[in-house]
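Novice: One structure, as structure tokens, below. Some questions next.
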4 protein chains.
Amino acid sequence: MISFCQFGAGRIGAIHAGNIARHPGARLLHVVDVDANAAARLAKEHGAQASGREAALADPAVDAVLIASSTDTHAELIEAASRAGKAVFCEKPIDLDSKRVAACLAVVEATGTILMVGFNRRFDPHFAKLHRQLRQGRIGKLEMLAITSRDPGPPPLAYIKVSGGMFRDMMIHDLDMARWLLGEEPVEIFAAASCLVDPQIGAAGDVDSAVVTLKTASGTLCQISNSRRASYGYDQRIEAHGEKGMLRAGNILESSLEYSGSDGIVGEKPLHFFLERYDEAYRRELDQFIAAVTGKTAPPTSGADGLRALALADAAVESAKTGRAVRV
Amino acid sequence: MISFCQFGAGRIGAIHAGNIARHPGARLLHVVDVDANAAARLAKEHGAQASGREAALADPAVDAVLIASSTDTHAELIEAASRAGKAVFCEKPIDLDSKRVAACLAVVEATGTILMVGFNRRFDPHFAKLHRQLRQGRIGKLEMLAITSRDPGPPPLAYIKVSGGMFRDMMIHDLDMARWLLGEEPVEIFAAASCLVDPQIGAAGDVDSAVVTLKTASGTLCQISNSRRASYGYDQRIEAHGEKGMLRAGNILESSLEYSGSDGIVGEKPLHFFLERYDEAYRRELDQFIAAVTGKTAPPTSGADGLRALALADAAVESAKTGRAVRV
Amino acid sequence: MISFCQFGAGRIGAIHAGNIARHPGARLLHVVDVDANAAARLAKEHGAQASGREAALADPAVDAVLIASSTDTHAELIEAASRAGKAVFCEKPIDLDSKRVAACLAVVEATGTILMVGFNRRFDPHFAKLHRQLRQGRIGKLEMLAITSRDPGPPPLAYIKVSGGMFRDMMIHDLDMARWLLGEEPVEIFAAASCLVDPQIGAAGDVDSAVVTLKTASGTLCQISNSRRASYGYDQRIEAHGEKGMLRAGNILESSLEYSGSDGIVGEKPLHFFLERYDEAYRRELDQFIAAVTGKTAPPTSGADGLRALALADAAVESAKTGRAVRV
Amino acid sequence: MISFCQFGAGRIGAIHAGNIARHPGARLLHVVDVDANAAARLAKEHGAQASGREAALADPAVDAVLIASSTDTHAELIEAASRAGKAVFCEKPIDLDSKRVAACLAVVEATGTILMVGFNRRFDPHFAKLHRQLRQGRIGKLEMLAITSRDPGPPPLAYIKVSGGMFRDMMIHDLDMARWLLGEEPVEIFAAASCLVDPQIGAAGDVDSAVVTLKTASGTLCQISNSRRASYGYDQRIEAHGEKGMLRAGNILESSLEYSGSDGIVGEKPLHFFLERYDEAYRRELDQFIAAVTGKTAPPTSGADGLRALALADAAVESAKTGRAVRV
């Protein structure tokens with residue numbers, strides 16, 4: 001039985017806290033949040049207690065810390081938790097600055113504790129099955145990969161401004177997926193981006209539509225397509241093309257219902273957003289973390305994964321500015 | 001908080017016990033089974049106790065009884081639980097004999113307790129959405145209904161022999177679905193059946209492939225197709241045709257993965273069987289029962305629903321024998 | 001080069017005349033129609049001449065006669081053409097009366113000429129592929145067959161009145177498909193029918209919605225579903241279930257275009273009606289007829305096929321009236 | 001009635017000759033080919049005559065010239081035919097060298113004759129419908145476009161060597177599609193490419209797998225994906241994403257047949273290659289050319305379209321070499 005302290009009682013925090021509470025191998029001891037009321041509510045819902053940061057980290061009963069607080073707190077909390085000897089699961093990103101991430105990872109390494117970064121999509125059963133079949137050789141050598149990822153709508157402008165920009169905030173998920181699926185590191189990245197969805201996003205210095213090309217040392221090519229807005233919902237698709245065929249993972253629809261009428265054949269929309277779409281992924285992610293904490297397996301994602309995805313996002317930003325492919 | 005006593009610690013019992021234990025508005029107090037070891041294991045898993053039947057029903061802390069034991073015990077347990085003032089959820093069927101069912105329902109009615117029959121498919125979110133859209137008039141007047149229901153493989157011969165036969169054991173689900181979706185009672189039923197899957201089923205006096213036609217007073221036509229074996233898994237589909245279009249609910253596949261290769265485009269199979277396919281339905285069914293026990297809603301299925309579906313199954317048996325449509 | 005005389009210059013006649021004119025192995029010599037203007041127009045379009053019946057049948061240059069005139073003329077024209085030593089292709093049905101059909105077939109048999117009946121669906125490449133795979137054993141022994149056939153809208157009431165009724169006019173196609181796909185004769189038929197689409201159809205003594213169950217000697221079960229109206233277009237589907245799997249042939253859509261928006265994912269409707277849907281089937285049907293006339297193959301459909309399908313339709317009418325399965 | 005002289009009696013020549021011969025508004029007078037036997041065979045099949053180049057172009061009965069000979073003959077034949085006052089339809093490309101193309105177009109312009117370039121995909125009814133809906137605003141402003149185009153297998157190495165390379169030979173089709181669908185000119189292009197399918201292609205100095213990113217002045221982004229090999233057949237898909245939704249045109253499958261078995265649900269492969277996939281497009285392309293020759297419409301594709309697509313292909317070659325986006 002792994003005992004958790006969780007930082008962050010917001011939307012994604014509620015998901016994690018519920019998963020911890022319902023997990024047969026875990027229990028939730030502390031919830032910490034700058035909003036004491038939010039912490040108290042979430043703690044109460046799951047039989048935990050709202051605690052201060054120091055007390056929670058000092059509690060010897062705590063085995064693991066789950067960090068779902070705002071991005072600017074991640075690196076410091078990881079360091080503090082690692083120094084306290086706790087295993088850490090942290091929502092992506094570790095930090096928006098690569099140097100800060102590297103410094104944080106050095107601390108973790110020095111303590112020898114476990115750090116797992118929340119790249120939730122790797123744990124989606126559909127994508128995981130695609131990954132497994134890739135590795136098992138169902139399509140032979142992978143030659144071309146295409147990742148489509150569109151949000152149903154842009155986040156609030158206030159969030160955009162502190163998000164680190166579309167490449168570091170949103171595409172970082174796809175860059176991680178690309179690394180994971182390619183099975184080798186990209187050595188070159190090219191990006192092109194526009195502000196097409198909302199001019200206020202452009203005025204804030206960000207983009208809302210972006211495409212990226214990655215190339216690996218073996219020549220495998222990967223295309224990523226991102227948009228902050230899709231009127232039909234959350235669009236999350238992967239297509240892998242290889243010497244012996246193609247593997248695709250499509251969207252998961254709200255239901256299997258289909259209506260045929262005078263306007264055509266109408267199917268349901270994709271599940272609306274990440275909370276619905278990756279519901280099962282969040283559970284499996286936690287399973288894997290607990291398995292790592294109990295020593296059954298290595299953590300499936302590491303701090304280094306977080307750092308490399310961020311380095312690719314940084315390179316994408318540079319490429320979009322310069323119009324040149326960037327070596328990484 | 002509704003406290004449950006559960007009868008039956010087998011395959012479907014394990015599903016229900018887990019759902020009760022994880023439900024925020026319920027707790028599991030007793031598990032009763034003729035197999036004391038099975039009862040003890042399941043009770044322990046969910047923090048309940050293995051009890052004898054009399055003690056469990058006599059416990060004043062028990063609000064509700066969930067019956068998932070073998071069919072031949074259902075009617076008697078319903079009566080005993082009702083007389084003890086407990087609300088009852090019973091897996092279908094109440095009994096294989098209509099007269100016995102009627103007698104049991106009379107006991108329930110006299111006690112004024114709640115009885116809900118486990119027609120799980122009504123609670124599947126896909127079928128429930130189709131039902132809702134039918135009632136909301138998306139296709140106008142319903143004219144033709146088609147229900148396809150095929151199991152991945154036949155049950156053990158020993159079960160076949162005590163099952164009451166394919167119409168009462170398997171098609172009863174589809175007959176209930178037909179009643180529910182049609183929104184009016186069938187007045188005529190015709191059945192044709194064969195033993196095509198396994199000659200031992202025929203030797204045991206049963207059939208393994210059957211089709212039924214229902215007609216309502218308003219002339220709506222319904223076709224049902226049943227097989228005990230589908231090499232591709234559990235096939236559960238509904239198609240409703242009306243004046244303004246068609247609504248279909250298709251199979252739920254194991255994943256969204258699709259492989260394209262030299263043999264064609266290969267999608268995944270349907271979810272294997274009822275435990276996987278109706279996973280969510282079992283949870284929603286329990287929600288509805290708890291809502292009924294706490295007085296929030298009426299039970300969505302009643303003993304009378306169980307009796308009417310059985311009457312249709314009986315009529316189907318007669319029609320298959322005589323080659324005539326039977327008025328019901 | 002096979003030279004044709006064609007009877008009938010209406011909608012389906014125009015299709016056949018065009019196919020003959022474009023066929024590398026055929027030419028169109030005469031067009032005969034009670035409407036002299038229609039005959040002249042169609043003849044001119046394809047470099048043929050509008051002729052009277054006697055002259056056309058007496059022309060020694062004519063090898064083959066294609067009959068696409070009104071149903072009440074079919075039997076007599078078949079007899080006249082056969083007696084003139086011409087090979088005959090006739091649109092279904094030969095006649096609405098089984099005795100008349102039998103008499104006509106006796107004449108054809110006596111003359112030893114070729115007669116092919118236009119069951120166009122057998123020549124659809126999708127259904128033909130399904131049929132081929134059935135015979136090649138892809139799903140092992142066929143156990144259950146389901147045929148769905150819905151027209152986009154009912155024909156004019158004037159046509160309904162002389163059509164012989166829904167079973168003889170519309171379902172006869174599905175009864176022929178059932179015979180062809182089952183690979184053995186049905187021995188029992190049950191029908192249920194309603195007037196749901198248009199009360200005027202009922203007032204004219206006909207039905208517009210009908211379902212049929214067939215059973216063969218080996219126990220294979222077949223369900224047919226017919227409606228005179230489908231708001232989404234012409235619905236033509238076949239599903240065959242066997243010991244080793246299921247084969248399905250779905251609708252052919254107007255295009256591969258798919259729109260995803262806030263209302264869902266919208267695909268195109270099925271091709272509107274038989275002229276569009278069976279465009280290729282009409283060409284292949286003619287190919288087969290010409291191959292038969294030139295002695296390369298036997299005609300794939302015979303007068304006996306027309307008679308048997310009509311006998312099933314007659315039995316369906318009787319069953320719908322009596323509520324009993326009819327032995328055939 | 002437009003009279004044609006056709007140059008080229010190979011695979012694509014056979015398609016065009018057949019379409020001309022069957023077209024109600026056209027007739028085929030001459031077939032010219034360096035292989036006199038091939039010319040004679042094709043001419044005979046369609047009632048034309050095999051002729052020498054000079055005689056054919058000098059024939060005053062000839063209204064239009066269709067050029068389907070090898071690429072190195074295109075520019076010169078266009079010039080000769082234009083000077084002879086004939087309308088010209090030429091298979092893409094006009095030439096592999098942009099300067100040669102420009103010189104050729106100058107000749108055509110001076111003669112005032114019609115020149116249409118065979119970008120066959122624009123005439124595919126599925127893509128044309130997508131294009132029409134884009135222009136009609138079904139998805140509002142177009143933001144992102146994705147074109148997937150994979151051949152079933154690479155052409156012979158001998159062809160690769162004279163093809164001008166993958167970008168000019170294969171991707172030129174997709175670059176034309178991009179221009180046509182975007183509705184505005186790309187101003188920037190980036191390309192990345194690899195040799196993954198066959199090392200001999202690399203040894204010949206070419207690539208077999210390539211991706212391109214285009215950006216227009218308004219910021220619209222377009223991704224193209226090309227491979228010389230797809231084990232599942234010819235993969236031709238378009239996806240357009242805009243402010244109000246997404247439009248997709250998928251592959252056309254060999255048939256609607258679907259098999260469900262123990263390995264999953266197996267659909268048919270896409271139509272094998274361009275002859276099958278664009279069968280209807282070739283007919284519609286000819287219709288449009290004939291309409292232009294008879295003065296009914298302007299030619300839907302022009303020499304300038306051929307030149308611009310080639311300029312994009314040239315820029316892609318440069319970008320793939322330099323790793324920089326190229327302004328066009």
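For the structure tokens, the naming scheme is as follows: chains receive sequential letters (A, B, ...) according to their order of presentation, residues are indexed from 1 within each chain, and ligands are indexed from 1 in presentation order.
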Pull out every residue of chain B that has at least one atom within 12 Å of chain A, counting only C-alpha atoms, and report them as a ChimeraX atom specification.
Specialist: /B:18-19,21-24,45-46,124-134,138-140,236-268,270
Novice: Which residues are close to Phe4 (chain A), i.e. within 9 Å by only C-alpha atoms, leaving aside same-chain residues fewer than 6 positions away? Reply as a PyMOL selection string.
Specialist: chain A and resi 20+26-31+61-66
Novice: Mind writing the picked residues with all heavy atoms as a tab-separated table (two decimals), in the first residue's frame?
Specialist:
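Output file out-v1.tsv is given in full below:
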chain	number	residue	atom	x	y	z
A	20	ILE	N	-6.13	7.76	-7.10
A	20	ILE	CA	-5.35	7.25	-5.95
A	20	ILE	C	-6.30	6.62	-4.93
A	20	ILE	O	-6.08	5.50	-4.47
A	20	ILE	CB	-4.55	8.40	-5.29
A	20	ILE	CG1	-3.46	8.92	-6.25
A	20	ILE	CG2	-3.94	7.94	-3.96
A	20	ILE	CD1	-2.79	10.22	-5.76
A	26	ALA	N	-3.16	1.85	-3.17
A	26	ALA	CA	-2.75	3.21	-2.80
A	26	ALA	C	-3.74	3.83	-1.83
A	26	ALA	O	-4.89	3.39	-1.73
A	26	ALA	CB	-2.64	4.09	-4.05
A	27	ARG	N	-3.25	4.82	-1.09
A	27	ARG	CA	-4.18	5.64	-0.31
A	27	ARG	C	-3.67	7.08	-0.32
A	27	ARG	O	-2.47	7.33	-0.44
A	27	ARG	CB	-4.35	5.10	1.10
A	27	ARG	CG	-3.08	5.07	1.88
A	27	ARG	CD	-3.31	4.58	3.30
A	27	ARG	NE	-1.99	4.53	3.98
A	27	ARG	CZ	-1.84	4.50	5.27
A	27	ARG	NH1	-2.90	4.48	6.07
A	27	ARG	NH2	-0.62	4.48	5.81
A	28	LEU	N	-4.62	7.98	-0.18
A	28	LEU	CA	-4.30	9.40	-0.24
A	28	LEU	C	-4.26	9.95	1.19
A	28	LEU	O	-5.28	9.92	1.89
A	28	LEU	CB	-5.36	10.13	-1.07
A	28	LEU	CG	-5.13	11.63	-1.30
A	28	LEU	CD1	-3.84	11.89	-2.08
A	28	LEU	CD2	-6.33	12.23	-2.04
A	29	LEU	N	-3.09	10.44	1.61
A	29	LEU	CA	-2.98	10.97	2.96
A	29	LEU	C	-3.14	12.48	3.02
A	29	LEU	O	-3.87	12.99	3.88
A	29	LEU	CB	-1.60	10.59	3.56
A	29	LEU	CG	-1.32	9.12	3.76
A	29	LEU	CD1	0.01	8.94	4.52
A	29	LEU	CD2	-2.45	8.46	4.57
A	30	HIS	N	-2.43	13.20	2.13
A	30	HIS	CA	-2.44	14.66	2.20
A	30	HIS	C	-2.81	15.27	0.86
A	30	HIS	O	-2.39	14.76	-0.19
A	30	HIS	CB	-1.05	15.21	2.57
A	30	HIS	CG	-0.51	14.68	3.84
A	30	HIS	ND1	-0.81	15.24	5.07
A	30	HIS	CD2	0.33	13.63	4.10
A	30	HIS	CE1	-0.16	14.54	6.02
A	30	HIS	NE2	0.53	13.57	5.46
A	31	VAL	N	-3.53	16.38	0.93
A	31	VAL	CA	-3.74	17.22	-0.24
A	31	VAL	C	-3.23	18.62	0.11
A	31	VAL	O	-3.61	19.18	1.15
A	31	VAL	CB	-5.22	17.30	-0.65
A	31	VAL	CG1	-5.41	18.28	-1.82
A	31	VAL	CG2	-5.76	15.92	-1.01
A	61	ALA	N	5.05	8.70	6.82
A	61	ALA	CA	4.11	7.73	6.24
A	61	ALA	C	3.96	7.92	4.74
A	61	ALA	O	3.50	7.03	4.03
A	61	ALA	CB	2.74	7.86	6.92
A	62	VAL	N	4.34	9.08	4.23
A	62	VAL	CA	4.17	9.36	2.80
A	62	VAL	C	5.28	8.67	2.00
A	62	VAL	O	6.46	8.90	2.23
A	62	VAL	CB	4.19	10.88	2.53
A	62	VAL	CG1	4.32	11.16	1.03
A	62	VAL	CG2	2.95	11.53	3.12
A	63	ASP	N	4.86	7.84	1.04
A	63	ASP	CA	5.84	7.17	0.17
A	63	ASP	C	6.06	7.96	-1.12
A	63	ASP	O	7.15	7.94	-1.68
A	63	ASP	CB	5.31	5.79	-0.25
A	63	ASP	CG	4.97	4.93	0.94
A	63	ASP	OD1	5.88	4.65	1.74
A	63	ASP	OD2	3.79	4.54	1.07
A	64	ALA	N	4.99	8.57	-1.59
A	64	ALA	CA	5.03	9.14	-2.94
A	64	ALA	C	4.31	10.47	-2.99
A	64	ALA	O	3.34	10.70	-2.26
A	64	ALA	CB	4.38	8.17	-3.93
A	65	VAL	N	4.81	11.32	-3.87
A	65	VAL	CA	4.23	12.64	-4.04
A	65	VAL	C	3.75	12.78	-5.49
A	65	VAL	O	4.48	12.45	-6.43
A	65	VAL	CB	5.29	13.72	-3.73
A	65	VAL	CG1	4.80	15.11	-4.17
A	65	VAL	CG2	5.62	13.71	-2.25
A	66	LEU	N	2.50	13.22	-5.64
A	66	LEU	CA	1.96	13.46	-6.98
A	66	LEU	C	1.80	14.96	-7.14
A	66	LEU	O	1.07	15.60	-6.38
A	66	LEU	CB	0.64	12.73	-7.16
A	66	LEU	CG	0.13	12.70	-8.62
A	66	LEU	CD1	-0.71	11.46	-8.87
A	66	LEU	CD2	-0.62	13.95	-9.00
Novice: Please, which residues of region 179-243 of chain A, numbered as in this document, come out alpha helix (DSSP H) from DSSP, as an MDAnalysis selection string?
Specialist: chainID A and resid 179:182 199:203
Novice: Name the residues in contact with Pro152 (chain B) at a cut-off of 6 Å, using only C-alpha atoms, excluding same-chain residues fewer than 6 positions from it; report them as a CSV table (one decimal) with C-alpha atoms, in the first residue's frame.
Specialist:
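Wrote around_0.csv, looks like this:
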chain,number,residue,atom,x,y,z
B,229,ARG,CA,-21.6,-18.7,-31.5
B,230,ALA,CA,-19.8,-15.9,-33.4
B,233,GLY,CA,-16.8,-12.1,-30.5
B,234,TYR,CA,-19.9,-10.8,-28.8
Novice: What does the structure give for the distance between CA of Lys92 (chain A) and CA of Ala36 (chain A), in Å to one decimal?
Specialist: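 Result for CA of Lys92 (chain A) versus CA of Ala36 (chain A): 23.4 Å, one decimal.
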Novice: From a DSSP calculation on the backbone, collect every residue of region 210-258 of chain C in strand (DSSP E) and output the set as a list in words.
Specialist: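 Selecting the strand (DSSP E) positions of region 210-258 of chain C gives Ala210, Val211, Val212, Thr213, Leu214, Lys215, Thr216, Leu221, Cys222, Gln223, Ile224, Ser225, Asn226, Ser227, Asp235, Gln236, Arg237, Ile238, Glu239, Ala240, His241, Gly242, Gly245, Met246, Leu247, Arg248, Ala249, Leu257 and Glu258 of chain C.
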Novice: Could you list, as a list of chain:residue names, every residue within 8 Å of Thr113 (chain C), counting only C-alpha atoms and ignoring same-chain residues fewer than 5 positions away?
Specialist: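 The contact residues come out as C:Ser82, C:Gly85, C:Lys86, C:Ala87, C:Val88, C:Val108.
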Novice: Which one of C:Leu42, C:Val34, C:Val211, C:Ala304 sits closest to Ala106 (chain C) if you count only C-alpha atoms?
Specialist: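 Nearest to Ala106 (chain C): C:Ala304.
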Novice: Can you tell me how far CA of Asp279 (chain C) sits from CA of Ala309 (chain C), in Å to one decimal?
Specialist: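 The value is 22.8 Å.
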Novice: With only C-alpha atoms as the counted atoms, please give the residues lying no more than 7 Å from Ser69 (chain D), apart from itself and same-chain residues fewer than 4 positions off, as a ChimeraX atom specification.
Specialist: /D:7-8,73
Novice: Can you pull out every residue within 12 Å of Gly164 (chain C), counting only C-alpha atoms, but drop anything in the same chain fewer than 2 positions away, and send it as an NGL selection string?
Specialist: :C and (71-72 or 93 or 95-98 or 158-162 or 166-172 or 204-207 or 310 or 313-314 or 317)
Novice: As an exercise, work out the distance from CA of Arg121 (chain A) to CA of Arg308 (chain A) in Å and give it to one decimal place.
Specialist: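 About the pair CA of Arg121 (chain A) and CA of Arg308 (chain A): they are 16.3 Å apart.
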Novice: Compile the contact shell of region 188-192 of chain D as a list in words: residues with an atom at most 7 Å away, counting only C-alpha atoms, same-chain residues fewer than 3 positions apart removed.
Specialist: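 Non-adjacent residues within range: Ala210, Val211, Val212, Thr213, Leu214, Lys215, Thr216, Ala315, Ala316, Ser319, Ala320, Arg324, Ala325, Val326, Arg327 and Val328 of chain D.
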Novice: Kindly export the residues of the current selection with all heavy atoms, as an mmCIF file, in the first residue's frame.
Specialist:
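Listed below is the output, again.cif:
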data_model
loop_
_atom_site.group_PDB
_atom_site.id
_atom_site.type_symbol
_atom_site.label_atom_id
_atom_site.label_comp_id
_atom_site.auth_asym_id
_atom_site.auth_seq_id
_atom_site.Cartn_x
_atom_site.Cartn_y
_atom_site.Cartn_z
ATOM 1 N N ALA D 210 8.943 11.131 -48.704
ATOM 2 C CA ALA D 210 9.155 12.570 -48.601
ATOM 3 C C ALA D 210 7.966 13.238 -47.945
ATOM 4 O O ALA D 210 6.815 12.798 -48.121
ATOM 5 C CB ALA D 210 9.384 13.174 -49.990
ATOM 6 N N VAL D 211 8.262 14.277 -47.188
ATOM 7 C CA VAL D 211 7.193 15.095 -46.597
ATOM 8 C C VAL D 211 7.488 16.557 -46.910
ATOM 9 O O VAL D 211 8.638 16.967 -46.989
ATOM 10 C CB VAL D 211 7.077 14.895 -45.072
ATOM 11 C CG1 VAL D 211 6.680 13.469 -44.752
ATOM 12 C CG2 VAL D 211 8.361 15.254 -44.360
ATOM 13 N N VAL D 212 6.427 17.311 -47.082
ATOM 14 C CA VAL D 212 6.557 18.724 -47.426
ATOM 15 C C VAL D 212 5.620 19.549 -46.565
ATOM 16 O O VAL D 212 4.544 19.083 -46.201
ATOM 17 C CB VAL D 212 6.253 18.914 -48.941
ATOM 18 C CG1 VAL D 212 5.718 20.306 -49.233
ATOM 19 C CG2 VAL D 212 7.506 18.663 -49.764
ATOM 20 N N THR D 213 6.061 20.732 -46.209
ATOM 21 C CA THR D 213 5.216 21.716 -45.528
ATOM 22 C C THR D 213 5.112 22.953 -46.411
ATOM 23 O O THR D 213 6.131 23.467 -46.874
ATOM 24 C CB THR D 213 5.831 22.115 -44.174
ATOM 25 O OG1 THR D 213 5.980 20.952 -43.365
ATOM 26 C CG2 THR D 213 4.953 23.128 -43.453
ATOM 27 N N LEU D 214 3.886 23.402 -46.631
ATOM 28 C CA LEU D 214 3.655 24.633 -47.396
ATOM 29 C C LEU D 214 2.981 25.653 -46.491
ATOM 30 O O LEU D 214 2.205 25.292 -45.606
ATOM 31 C CB LEU D 214 2.716 24.356 -48.582
ATOM 32 C CG LEU D 214 3.178 23.367 -49.644
ATOM 33 C CD1 LEU D 214 2.013 23.001 -50.562
ATOM 34 C CD2 LEU D 214 4.317 23.958 -50.453
ATOM 35 N N LYS D 215 3.274 26.907 -46.747
ATOM 36 C CA LYS D 215 2.594 27.973 -46.005
ATOM 37 C C LYS D 215 2.179 29.035 -47.018
ATOM 38 O O LYS D 215 2.943 29.363 -47.919
ATOM 39 C CB LYS D 215 3.547 28.560 -44.968
ATOM 40 C CG LYS D 215 2.869 29.423 -43.922
ATOM 41 C CD LYS D 215 3.893 29.853 -42.869
ATOM 42 C CE LYS D 215 3.264 30.702 -41.795
ATOM 43 N NZ LYS D 215 4.252 31.016 -40.734
ATOM 44 N N THR D 216 0.949 29.530 -46.864
ATOM 45 C CA THR D 216 0.475 30.578 -47.775
ATOM 46 C C THR D 216 0.633 31.944 -47.108
ATOM 47 O O THR D 216 0.931 32.042 -45.911
ATOM 48 C CB THR D 216 -1.013 30.376 -48.109
ATOM 49 O OG1 THR D 216 -1.766 30.624 -46.915
ATOM 50 C CG2 THR D 216 -1.288 28.969 -48.587
ATOM 51 N N ALA D 315 11.550 23.837 -55.827
ATOM 52 C CA ALA D 315 11.844 24.428 -54.515
ATOM 53 C C ALA D 315 11.928 23.344 -53.441
ATOM 54 O O ALA D 315 12.741 23.431 -52.505
ATOM 55 C CB ALA D 315 10.778 25.461 -54.162
ATOM 56 N N ALA D 316 11.113 22.323 -53.574
ATOM 57 C CA ALA D 316 11.155 21.224 -52.602
ATOM 58 C C ALA D 316 12.499 20.502 -52.685
ATOM 59 O O ALA D 316 13.100 20.143 -51.661
ATOM 60 C CB ALA D 316 10.007 20.243 -52.856
ATOM 61 N N SER D 319 14.961 22.660 -50.935
ATOM 62 C CA SER D 319 14.775 22.649 -49.482
ATOM 63 C C SER D 319 15.282 21.350 -48.865
ATOM 64 O O SER D 319 15.924 21.346 -47.812
ATOM 65 C CB SER D 319 13.294 22.850 -49.140
ATOM 66 O OG SER D 319 13.087 22.687 -47.760
ATOM 67 N N ALA D 320 14.983 20.237 -49.525
ATOM 68 C CA ALA D 320 15.438 18.949 -48.994
ATOM 69 C C ALA D 320 16.964 18.899 -48.922
ATOM 70 O O ALA D 320 17.536 18.245 -48.042
ATOM 71 C CB ALA D 320 14.896 17.793 -49.848
ATOM 72 N N ARG D 324 16.489 24.203 -45.418
ATOM 73 C CA ARG D 324 15.838 25.488 -45.174
ATOM 74 C C ARG D 324 14.519 25.552 -45.926
ATOM 75 O O ARG D 324 14.386 25.016 -47.022
ATOM 76 C CB ARG D 324 16.692 26.644 -45.716
ATOM 77 C CG ARG D 324 17.976 26.833 -45.023
ATOM 78 C CD ARG D 324 18.593 28.120 -45.515
ATOM 79 N NE ARG D 324 19.958 28.219 -45.024
ATOM 80 C CZ ARG D 324 20.712 29.283 -45.206
ATOM 81 N NH1 ARG D 324 20.230 30.333 -45.870
ATOM 82 N NH2 ARG D 324 21.933 29.319 -44.721
ATOM 83 N N ALA D 325 13.580 26.293 -45.355
ATOM 84 C CA ALA D 325 12.372 26.605 -46.098
ATOM 85 C C ALA D 325 12.746 27.525 -47.246
ATOM 86 O O ALA D 325 13.605 28.397 -47.090
ATOM 87 C CB ALA D 325 11.351 27.268 -45.184
ATOM 88 N N VAL D 326 12.120 27.320 -48.397
ATOM 89 C CA VAL D 326 12.409 28.124 -49.588
ATOM 90 C C VAL D 326 11.204 29.014 -49.885
ATOM 91 O O VAL D 326 10.065 28.548 -49.900
ATOM 92 C CB VAL D 326 12.702 27.188 -50.794
ATOM 93 C CG1 VAL D 326 12.847 27.991 -52.081
ATOM 94 C CG2 VAL D 326 13.940 26.349 -50.515
ATOM 95 N N ARG D 327 11.458 30.293 -50.111
ATOM 96 C CA ARG D 327 10.388 31.223 -50.505
ATOM 97 C C ARG D 327 10.087 31.014 -51.989
ATOM 98 O O ARG D 327 10.993 30.874 -52.794
ATOM 99 C CB ARG D 327 10.828 32.685 -50.315
ATOM 100 C CG ARG D 327 11.255 33.073 -48.896
ATOM 101 C CD ARG D 327 10.128 33.168 -47.918
ATOM 102 N NE ARG D 327 9.121 34.142 -48.336
ATOM 103 C CZ ARG D 327 8.017 34.418 -47.652
ATOM 104 N NH1 ARG D 327 7.772 33.783 -46.502
ATOM 105 N NH2 ARG D 327 7.154 35.302 -48.075
ATOM 106 N N VAL D 328 8.855 31.001 -52.345
ATOM 107 C CA VAL D 328 8.502 30.822 -53.761
ATOM 108 C C VAL D 328 7.578 31.952 -54.211
ATOM 109 O O VAL D 328 6.906 32.565 -53.428
ATOM 110 C CB VAL D 328 7.818 29.464 -54.027
ATOM 111 C CG1 VAL D 328 8.854 28.373 -54.080
ATOM 112 C CG2 VAL D 328 6.765 29.149 -52.972
#
